[in-house]
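First comes the structure, then the notes that go with it.
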Amino acid sequence: FAVIKDSYKGKEVNYYVDKEYASVAKKIFGYTPEMMGFFSKILGVEYPWVKYSQMVAHDYVSGAMENTTATLHQESAQQDARELTDKNGWENTIAHELFHQWFGDLVTTESWSNLTLNESFANYSETIWSEYKYGKDAAAAENLTDMRGYLQSNSAKKDLVRYYYANREDMFDAVSYNKGGRILHMLRTYVGDSAFFKALNLYLTTNKFKSAEAAQLRLAFEEVTGRDLHWFWNQWYYGNGHPQLNIDYSYDNATKKCMVVVKQNQADGNIFKLPVAIDVYEGANKKRYNVWVENKVDTFTFSANTKPDLVNFDGDKTLLCIKKENKTLDEYIHQYKYAGNYMDRREAIEFAAKNQKDAKAIALLKTALKDKFYELRSLVINNLDIENETVKAEMESTLVDIAKNDPSRLTKADAISALAIYNDPKYMPIFKAAINDSSYTVAGNALQVLSIMDSTAALAEAKRMMKEPAKGNLLGAITGILATAGDESGAELILGSFEKMPVSQSKLDMVGTLVSFISNSKNNETVKRGVNDIAELRDAIPEPYKTQIAPILNKQVLKPLAQKKIIDGLKEQADFILTKLPDEDKKGF
């Protein structure tokens, strides 16, 4: 290791990395002292240990582990300077593991059943840190990503606190992490920031150096707020599922009343109790009504002299739910302009993206291409229907400006990819300049676009660039171009890059490129090496995911590859591939 020394209030803070990453270690981990100070302040509990170290280890497939005073990270934490120009993709994990030094180490879960006391807090710390460091939009984006992770996990039948499970590893799931973090977010919204963080302080100081159950967290919140919170704990901690809401808005001109009808459509018949803010807008003026949704159908009526420009259910956008609303395009346009938080703007963009035959929707998307938050600019770019000639013409100049000048490398890269659809030679200077950008993402997207417009030039660039370090999108573009061309000179780059990658989603994503390359290769040693690499990845996948991923690699990757080799008359290669398949997948040969 190279040991990079830092400090926090006189305490030793060290980063242990591979020597080649010594120069960027502080760019990866350098916010740690600031995080320690921030978390100490909001919790009212000073960082409780004598020092803090973070180590990066190879072949550690479990992400990271919050050993007291010495967190262990997998090698994905190590990013070079070009990767870091996009963003530090490991920053949230650094915050997550540090927060465990309080929630999990200072106070630890009494049992795996109460794992929420460790992991839900660490998960939510990522949102809290993003809010502090990068603003409310970044925090809301993080919150949405985690909420979707839960909603897409098919975990609705699992309680957050579970006393029955097949294996302790089953507790480390999207409920203990993602859902638990969102529950804390709702609790924070309900009781307010002051009470929320005071309650966390009370919980930590009361239970320090001890283990705790979820009920002890409730007691801390009840003491601080003076409220009975059994209903919240019974519903969210000891219950399961989430609300599925149908929300209808209407206005009666005769009575001068607007109505909001909320229907709960959970298949199991369970009814949730939800404190919700409903915001009613007349122009830029907003009037907030705090209500309780607690029946199968609830109707809320508000006085309004004229039809409101917008009625916005869940004004803070903090509910963990699936919802369907009957808002119009005009209402979403108003929401984008005046409600204004991240989810308000995102919902408006997503609605407009589904209605790109409407001139007003196109105008909203054009406005949103200049949104203050880069992720929403990218959302627009990636949802533009550029096959629509009106959209194509309206967006062109803005896309060119983003491709040249956007401060976010990620959004810049998205704009470069979008310009490929114009297939206009006048943009070649943009692509050729971007190929040499310091961002792997920008360079990779530009090279991919060049391969569409001039495959010969792209192959020449790929061969030139394969001699230099490449990761991420750039590595994907180079290897993809070489694989498509069947260029054997790329064997070492493709195979070597795959072998160096840790077990990760990125490595799984590269399987397609590797298979494309070896499927066209007649070199027995190259093919055997590539097949071995795929089999080793399959066997190294952590147990919780292996049952899902291994059959895909067998049935949809290795087996079709063997069949192709038989068709190509390459029996020796086919026979070798078959040795890597389980017996049940060898049928039909």
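Going by the structure tokens order, chains are called A, B, ..., each with residues numbered from 1, while ligands are numbered from 1 in the order shown.
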
Residues near stretch 107-114 of chain A, cut-off 10 Å, only C-alpha atoms, skip fewer than 5 positions along chain, as JSON, numbers by chain: {"A": [100, 101, 102, 119, 159, 160, 161, 162, 163, 164, 165, 167, 168, 169, 170, 171, 172, 176, 203, 204, 205, 206, 207, 208, 209, 210, 211, 212, 213, 214, 215, 237]}

Mind checking DSSP for stretch 27-251 of chain A and telling me the alpha helix (DSSP H) residues as an NGL selection string? :A and (27-29 or 32-43 or 81-84 or 91-99 or 116-134 or 136-151 or 180-191 or 193-207 or 214-225 or 230-232)

Please indicate the distance in Å from atom CA of A:Asn92 to atom CA of A:Glu34, rounded to one decimal place.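 Taking atom CA of A:Asn92 and atom CA of A:Glu34, their separation equals 13.6 Å.
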
Contacts of stretch 253-368 of chain A with stretch 390-398 of chain A up to 10 Å, shortest pair per row, only C-alpha atoms, as a Markdown table:
| residue | atom | partner | partner_atom | distance |
| --- | --- | --- | --- | --- |
| A:Gln356 | CA | A:Val391 | CA | 7.4 |
| A:Lys357 | CA | A:Thr390 | CA | 8.4 |
| A:Asp358 | CA | A:Thr390 | CA | 10.0 |
| A:Ala359 | CA | A:Thr390 | CA | 8.7 |
| A:Ala361 | CA | A:Val391 | CA | 10.0 |
| A:Ile362 | CA | A:Val391 | CA | 6.6 |
| A:Ala363 | CA | A:Glu394 | CA | 8.5 |
| A:Leu365 | CA | A:Met395 | CA | 8.8 |
| A:Lys366 | CA | A:Met395 | CA | 6.5 |
| A:Thr367 | CA | A:Thr398 | CA | 9.8 |

Distance atom CA of A:Asp268-atom CA of A:Asp228, one decimal place? 26.2 Å

From A:Phe431, A:Tyr249, A:Phe313, A:Tyr374, residue lying nearest A:Gly444 [only C-alpha atoms]: A:Phe431

Applying 10 Å and only C-alpha atoms, which residues near stretch 427-429 of chain A remain after dropping the ones on its own chain fewer than 3 positions away? List them as a PyMOL selection string. chain A and resi 400+416+419-420+422-424+432-435+446+449-450+453-454

Which residue gives the smallest distance to A:Met343 among A:Ala25, A:Ile128, A:Ala140, A:Ala284, with only C-alpha atoms counted? A:Ala140

Could you give me, as a VMD selection string, each residue of stretch 204-387 of chain A that DSSP assigns to strand (DSSP E or B) when run on this structure's backbone? chain A and resid 210 to 212 244 to 252 257 to 264 274 to 282 285 to 293 297 to 303 310 to 313 322 to 325

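Each of A:Tyr251, A:Leu578, A:Ala458, A:Met501 was compared to A:Thr484 using only C-alpha atoms, and A:Ala458 turns out to be the nearest.
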
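Restricting the calculation to only C-alpha atoms, the smallest distance between A:Val50 and any of A:Glu12, A:Glu131, A:Asp585, A:Glu572 is found for A:Glu12.
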
Find the spatial neighbours of A:Lys19, counting only C-alpha atoms, within a cut-off of 9 Å - ignore same-chain residues fewer than 6 positions away - and output them as a PDB file with all heavy atoms, in the first residue's frame.
ATOM      1  N   PHE A   1       0.822  -1.209   0.000  1.00  0.00           N
ATOM      2  CA  PHE A   1       0.000   0.000   0.000  1.00  0.00           C
ATOM      3  C   PHE A   1       0.858   1.263   0.000  1.00  0.00           C
ATOM      4  O   PHE A   1       1.933   1.291   0.592  1.00  0.00           O
ATOM      5  CB  PHE A   1      -0.884   0.050   1.252  1.00  0.00           C
ATOM      6  CG  PHE A   1      -1.999  -0.936   1.282  1.00  0.00           C
ATOM      7  CD1 PHE A   1      -1.966  -2.008   2.171  1.00  0.00           C
ATOM      8  CD2 PHE A   1      -3.094  -0.809   0.447  1.00  0.00           C
ATOM      9  CE1 PHE A   1      -3.001  -2.934   2.229  1.00  0.00           C
ATOM     10  CE2 PHE A   1      -4.136  -1.723   0.493  1.00  0.00           C
ATOM     11  CZ  PHE A   1      -4.085  -2.784   1.379  1.00  0.00           C
ATOM     12  N   ALA A   2       0.314   2.294  -0.640  1.00  0.00           N
ATOM     13  CA  ALA A   2       0.777   3.644  -0.360  1.00  0.00           C
ATOM     14  C   ALA A   2      -0.136   4.170   0.742  1.00  0.00           C
ATOM     15  O   ALA A   2      -1.364   4.006   0.671  1.00  0.00           O
ATOM     16  CB  ALA A   2       0.665   4.515  -1.609  1.00  0.00           C
ATOM     17  N   VAL A   3       0.434   4.775   1.768  1.00  0.00           N
ATOM     18  CA  VAL A   3      -0.352   5.286   2.891  1.00  0.00           C
ATOM     19  C   VAL A   3      -0.366   6.807   2.814  1.00  0.00           C
ATOM     20  O   VAL A   3       0.667   7.458   2.962  1.00  0.00           O
ATOM     21  CB  VAL A   3       0.226   4.823   4.243  1.00  0.00           C
ATOM     22  CG1 VAL A   3      -0.673   5.307   5.387  1.00  0.00           C
ATOM     23  CG2 VAL A   3       0.363   3.313   4.274  1.00  0.00           C
TER      24      VAL A   3
END
